[in-house]
Amino acid sequence: MSDGASGIKRDTVEERWEAFHRWGPYGLLFIGCLAAAATADLLMSTADRWAALALVGGALLLQLGWGRVRRGRSARGAAGVVYYFLRWAIAFALTWLNPFFAFYAVVGYFGAQAVLPRRWVKVGLFATAVIMAGSQSGGLPPKGSMGWVLFGAVLAINVVLLTVFSHLAAQEDERARVQAETITELETTNARLQQALDENAALHAQLLLQAREAGVADERRRLAAEIHDTIAQGLTGIIAQLQVVMSGSDPAQAREHLASAQSLARHSLGEARRSVQNLSPLDLEHGVLHEALEKTVTQWGARHGVRADFTVTGTAVQLHEEIEATLLRIAQEALANASRHAHASRIGVTLSFMGDEVSLDVRDDGRGFEPSALPARSGTGGFGLDGMRARAERVAGSVTVESEPGHGTAVSARVPLVPHDH
């Protein structure tokens, strides 16, 4: 049953009890009067009849007065005690005159909980049991010793029944109280749960937005780094070749450098397309890392007229494509930095396979620099040394730089050795 249905049921029961407490005494008094009138010739004298009529009038006036009193106040209290025991006294007197007026007296069983304070309830119930026992044992007062014995036995039975039913009623009230508290707690819990669900939905939407924004930013950084490592370096090489052509006068040498510039342009265009498609570098498409590095180092040395040596140590294995792409891009960036800043006459690139780690070392004999003079990392995944570190960290690796003015530079990248998944 839903909470709404339970609330409606509770309201309906309470309304019915309220109607009974208001109109029940009138109905039971009417029934008692009918029964007494039917047996008046047998049980009542003329004086008894007039006394009963006066008492019935008093009962009606009492009930009307109580109806006015209880409209603006709680039923329990001093007024409730006075009302209950006045009604009991009238019912006792009526039952003394005719036992069938016990129909009116029985209302005391139902009204005690409603109008009496808790400490008076048992007293009121016992007093009502006295009237009911007198009626059930043949009328009040009991006649003879046997009449008193019978009255005492019936009273004892009524008290036992009252005790049993009061205990059951108390258990039912306790169960209803616990049920009401449970329903209240469930409603509170449901409200909190709904609030938590709403907050979780809002947080989920916020996380999705942040993840989308982070994905967009990461893709932008990736493309920017790829463009820097491919197009920018290619354009730098093309410019260098064209500068040689413009400064020279030998047609054969000019054609050679123009062909080199054309090759660089085509290579850079291919790398740009692969970067947009998030593919591995073009040099790795048909070869493994050490072959691509050797080709890159050789071409770089020929382009810049610098002695460039490549060495492999350890047992070369084909690595995961992400690891190979990362190391190749780091090598290209280190060579590009050397061509722009080092003015070196010799450069050495070493690829070392060492158990569970791969190391790439790029050393030159150029003019070097002071590492402490470099600006702090921005954390935005920029280019140059910052970009190399960001690339390595994406595959759980690291990049260190050692340099000293006048004594060259050494760039070392270390990444996990993750074999290619065939």
# chains A, B, ... in the order shown; residues from 1 in each chain; ligands from 1
call {"tool": "residues_around", "arguments": {"residues": "region 341-349 of chain A", "least_positions_apart": "2", "cutoff": "8 Å", "atoms": "only C-alpha atoms", "output": "list in words"}}
result
Val297, Val306, Arg307, Ala308, Asp309, Phe310, Thr311, Asn337, Ala338, Ser339, Leu351, Leu360, Asp361, Val362, Arg363, Asp364, Asp365, Gly366, Arg367, Gly368, Gly408 and Thr409 of chain A
call {"tool": "write_last_selection", "arguments": {"atoms": "all heavy atoms", "output": "short mmCIF file (atom, residue, chain, number, x, y, z; two decimals), in the first residue's frame"}}
result
data_model
loop_
_atom_site.label_atom_id
_atom_site.label_comp_id
_atom_site.auth_asym_id
_atom_site.auth_seq_id
_atom_site.Cartn_x
_atom_site.Cartn_y
_atom_site.Cartn_z
N VAL A 297 67.35 9.97 -38.13
CA VAL A 297 68.64 10.55 -37.73
C VAL A 297 69.52 10.76 -38.97
O VAL A 297 70.18 11.81 -39.11
CB VAL A 297 69.34 9.64 -36.71
CG1 VAL A 297 70.77 10.11 -36.45
CG2 VAL A 297 68.54 9.60 -35.41
N VAL A 306 75.41 17.83 -40.43
CA VAL A 306 75.95 17.53 -39.10
C VAL A 306 76.13 16.03 -38.99
O VAL A 306 75.28 15.26 -39.45
CB VAL A 306 75.01 18.05 -37.99
CG1 VAL A 306 75.55 17.65 -36.62
CG2 VAL A 306 74.86 19.56 -38.09
N ARG A 307 77.23 15.60 -38.36
CA ARG A 307 77.44 14.18 -38.15
C ARG A 307 76.38 13.68 -37.15
O ARG A 307 76.31 14.17 -36.02
CB ARG A 307 78.84 13.90 -37.64
CG ARG A 307 79.07 12.43 -37.35
CD ARG A 307 80.47 12.18 -36.82
NE ARG A 307 80.59 10.78 -36.38
CZ ARG A 307 81.71 10.29 -35.83
NH1 ARG A 307 82.78 11.09 -35.66
NH2 ARG A 307 81.75 9.02 -35.46
N ALA A 308 75.59 12.71 -37.57
CA ALA A 308 74.53 12.16 -36.72
C ALA A 308 74.67 10.65 -36.68
O ALA A 308 74.62 9.99 -37.72
CB ALA A 308 73.15 12.56 -37.24
N ASP A 309 74.85 10.09 -35.49
CA ASP A 309 75.03 8.66 -35.31
C ASP A 309 73.84 8.07 -34.55
O ASP A 309 73.30 8.69 -33.62
CB ASP A 309 76.31 8.37 -34.52
CG ASP A 309 77.55 8.91 -35.23
OD1 ASP A 309 77.62 8.76 -36.46
OD2 ASP A 309 78.41 9.48 -34.54
N PHE A 310 73.45 6.87 -34.96
CA PHE A 310 72.36 6.18 -34.29
C PHE A 310 72.85 4.82 -33.82
O PHE A 310 73.51 4.08 -34.58
CB PHE A 310 71.16 6.00 -35.22
CG PHE A 310 70.05 5.19 -34.61
CD1 PHE A 310 69.26 5.70 -33.59
CD2 PHE A 310 69.81 3.88 -35.04
CE1 PHE A 310 68.25 4.94 -33.02
CE2 PHE A 310 68.80 3.12 -34.47
CZ PHE A 310 68.01 3.65 -33.45
N THR A 311 72.51 4.46 -32.56
CA THR A 311 72.98 3.21 -31.97
C THR A 311 71.81 2.53 -31.27
O THR A 311 70.99 3.18 -30.62
CB THR A 311 74.11 3.46 -30.95
OG1 THR A 311 75.14 4.22 -31.58
CG2 THR A 311 74.66 2.15 -30.43
N ASN A 337 65.07 20.74 -31.85
CA ASN A 337 65.63 21.70 -30.91
C ASN A 337 67.12 21.86 -31.12
O ASN A 337 67.67 22.98 -31.04
CB ASN A 337 65.36 21.24 -29.47
CG ASN A 337 63.90 21.38 -29.09
OD1 ASN A 337 63.15 22.12 -29.71
ND2 ASN A 337 63.49 20.66 -28.04
N ALA A 338 67.80 20.75 -31.42
CA ALA A 338 69.25 20.82 -31.65
C ALA A 338 69.56 21.66 -32.89
O ALA A 338 70.52 22.44 -32.91
CB ALA A 338 69.83 19.41 -31.79
N SER A 339 68.76 21.49 -33.96
CA SER A 339 69.02 22.26 -35.18
C SER A 339 68.75 23.74 -34.98
O SER A 339 69.40 24.58 -35.61
CB SER A 339 68.15 21.71 -36.32
OG SER A 339 66.77 21.92 -36.05
N LEU A 351 69.15 4.16 -28.73
CA LEU A 351 67.92 3.49 -28.30
C LEU A 351 68.32 2.23 -27.55
O LEU A 351 68.97 1.36 -28.11
CB LEU A 351 67.04 3.12 -29.51
CG LEU A 351 65.72 2.41 -29.19
CD1 LEU A 351 64.78 3.33 -28.43
CD2 LEU A 351 65.04 1.93 -30.49
N LEU A 360 65.61 6.29 -24.59
CA LEU A 360 66.04 7.03 -25.79
C LEU A 360 66.89 8.21 -25.33
O LEU A 360 66.42 9.05 -24.56
CB LEU A 360 64.82 7.52 -26.56
CG LEU A 360 65.13 8.44 -27.75
CD1 LEU A 360 65.81 7.65 -28.88
CD2 LEU A 360 63.86 9.10 -28.28
N ASP A 361 68.14 8.24 -25.80
CA ASP A 361 69.06 9.31 -25.40
C ASP A 361 69.52 10.06 -26.65
O ASP A 361 69.98 9.45 -27.62
CB ASP A 361 70.28 8.73 -24.68
CG ASP A 361 69.89 8.00 -23.40
OD1 ASP A 361 69.51 8.68 -22.44
OD2 ASP A 361 69.95 6.75 -23.39
N VAL A 362 69.38 11.39 -26.59
CA VAL A 362 69.81 12.26 -27.69
C VAL A 362 70.83 13.24 -27.11
O VAL A 362 70.49 14.07 -26.26
CB VAL A 362 68.62 13.01 -28.32
CG1 VAL A 362 69.11 13.89 -29.47
CG2 VAL A 362 67.57 12.03 -28.78
N ARG A 363 72.10 13.14 -27.58
CA ARG A 363 73.18 13.98 -27.04
C ARG A 363 73.82 14.76 -28.19
O ARG A 363 74.01 14.24 -29.28
CB ARG A 363 74.24 13.13 -26.35
CG ARG A 363 73.74 12.43 -25.09
CD ARG A 363 74.85 11.59 -24.46
NE ARG A 363 74.44 11.04 -23.17
CZ ARG A 363 73.75 9.93 -23.01
NH1 ARG A 363 73.40 9.22 -24.09
NH2 ARG A 363 73.43 9.51 -21.81
N ASP A 364 74.14 16.02 -27.90
CA ASP A 364 74.84 16.84 -28.89
C ASP A 364 75.99 17.56 -28.20
O ASP A 364 76.04 17.65 -26.98
CB ASP A 364 73.88 17.84 -29.55
CG ASP A 364 73.35 18.88 -28.58
OD1 ASP A 364 74.15 19.69 -28.09
OD2 ASP A 364 72.11 18.88 -28.32
N ASP A 365 76.93 18.07 -29.03
CA ASP A 365 78.09 18.80 -28.49
C ASP A 365 77.94 20.29 -28.74
O ASP A 365 78.93 21.01 -28.91
CB ASP A 365 79.39 18.28 -29.13
CG ASP A 365 79.40 18.47 -30.64
OD1 ASP A 365 78.36 18.90 -31.21
OD2 ASP A 365 80.44 18.19 -31.27
N GLY A 366 76.69 20.76 -28.74
CA GLY A 366 76.42 22.17 -29.03
C GLY A 366 76.72 23.10 -27.88
O GLY A 366 77.41 22.73 -26.91
N ARG A 367 76.17 24.28 -27.95
CA ARG A 367 76.50 25.31 -26.97
C ARG A 367 75.81 25.12 -25.63
O ARG A 367 76.21 25.76 -24.65
CB ARG A 367 76.16 26.69 -27.54
CG ARG A 367 74.69 26.88 -27.87
CD ARG A 367 74.48 28.24 -28.52
NE ARG A 367 73.07 28.50 -28.79
CZ ARG A 367 72.63 29.62 -29.36
NH1 ARG A 367 73.50 30.56 -29.74
NH2 ARG A 367 71.36 29.80 -29.56
N GLY A 368 74.81 24.28 -25.56
CA GLY A 368 74.15 23.99 -24.30
C GLY A 368 73.38 25.19 -23.75
O GLY A 368 73.28 26.25 -24.38
N GLY A 408 77.20 21.16 -24.38
CA GLY A 408 76.19 20.36 -25.03
C GLY A 408 74.97 20.05 -24.18
O GLY A 408 74.84 20.51 -23.03
N THR A 409 74.11 19.22 -24.74
CA THR A 409 72.82 18.89 -24.10
C THR A 409 72.55 17.40 -24.27
O THR A 409 72.87 16.81 -25.31
CB THR A 409 71.67 19.69 -24.75
OG1 THR A 409 71.94 21.09 -24.60
CG2 THR A 409 70.33 19.36 -24.09
#
call {"tool": "residues_around", "arguments": {"residues": "Ile131 (chain A)", "least_positions_apart": "4", "cutoff": "8 Å", "atoms": "only C-alpha atoms", "output": "list of chain:residue names"}}
result
A:Ala91, A:Phe92, A:Thr95, A:Ala102, A:Ala105, A:Ala127, A:Ser135
call {"tool": "select_by_dssp", "arguments": {"residues": "region 241-344 of chain A", "states": "strand (DSSP E or B)", "output": "ChimeraX atom specification"}}
result
/A:307-313,319
call {"tool": "select_by_dssp", "arguments": {"residues": "region 24-101 of chain A", "states": "helix (DSSP H, G or I)", "output": "number ranges by chain"}}
result
A: 24-38, 40-43, 46-69, 78-97, 99-101
call {"tool": "closest_residue", "arguments": {"among": "A:Ala413, A:Gln179, A:His304, A:His290", "to": "Ala240 (chain A)", "atoms": "only C-alpha atoms"}}
result
A:His304
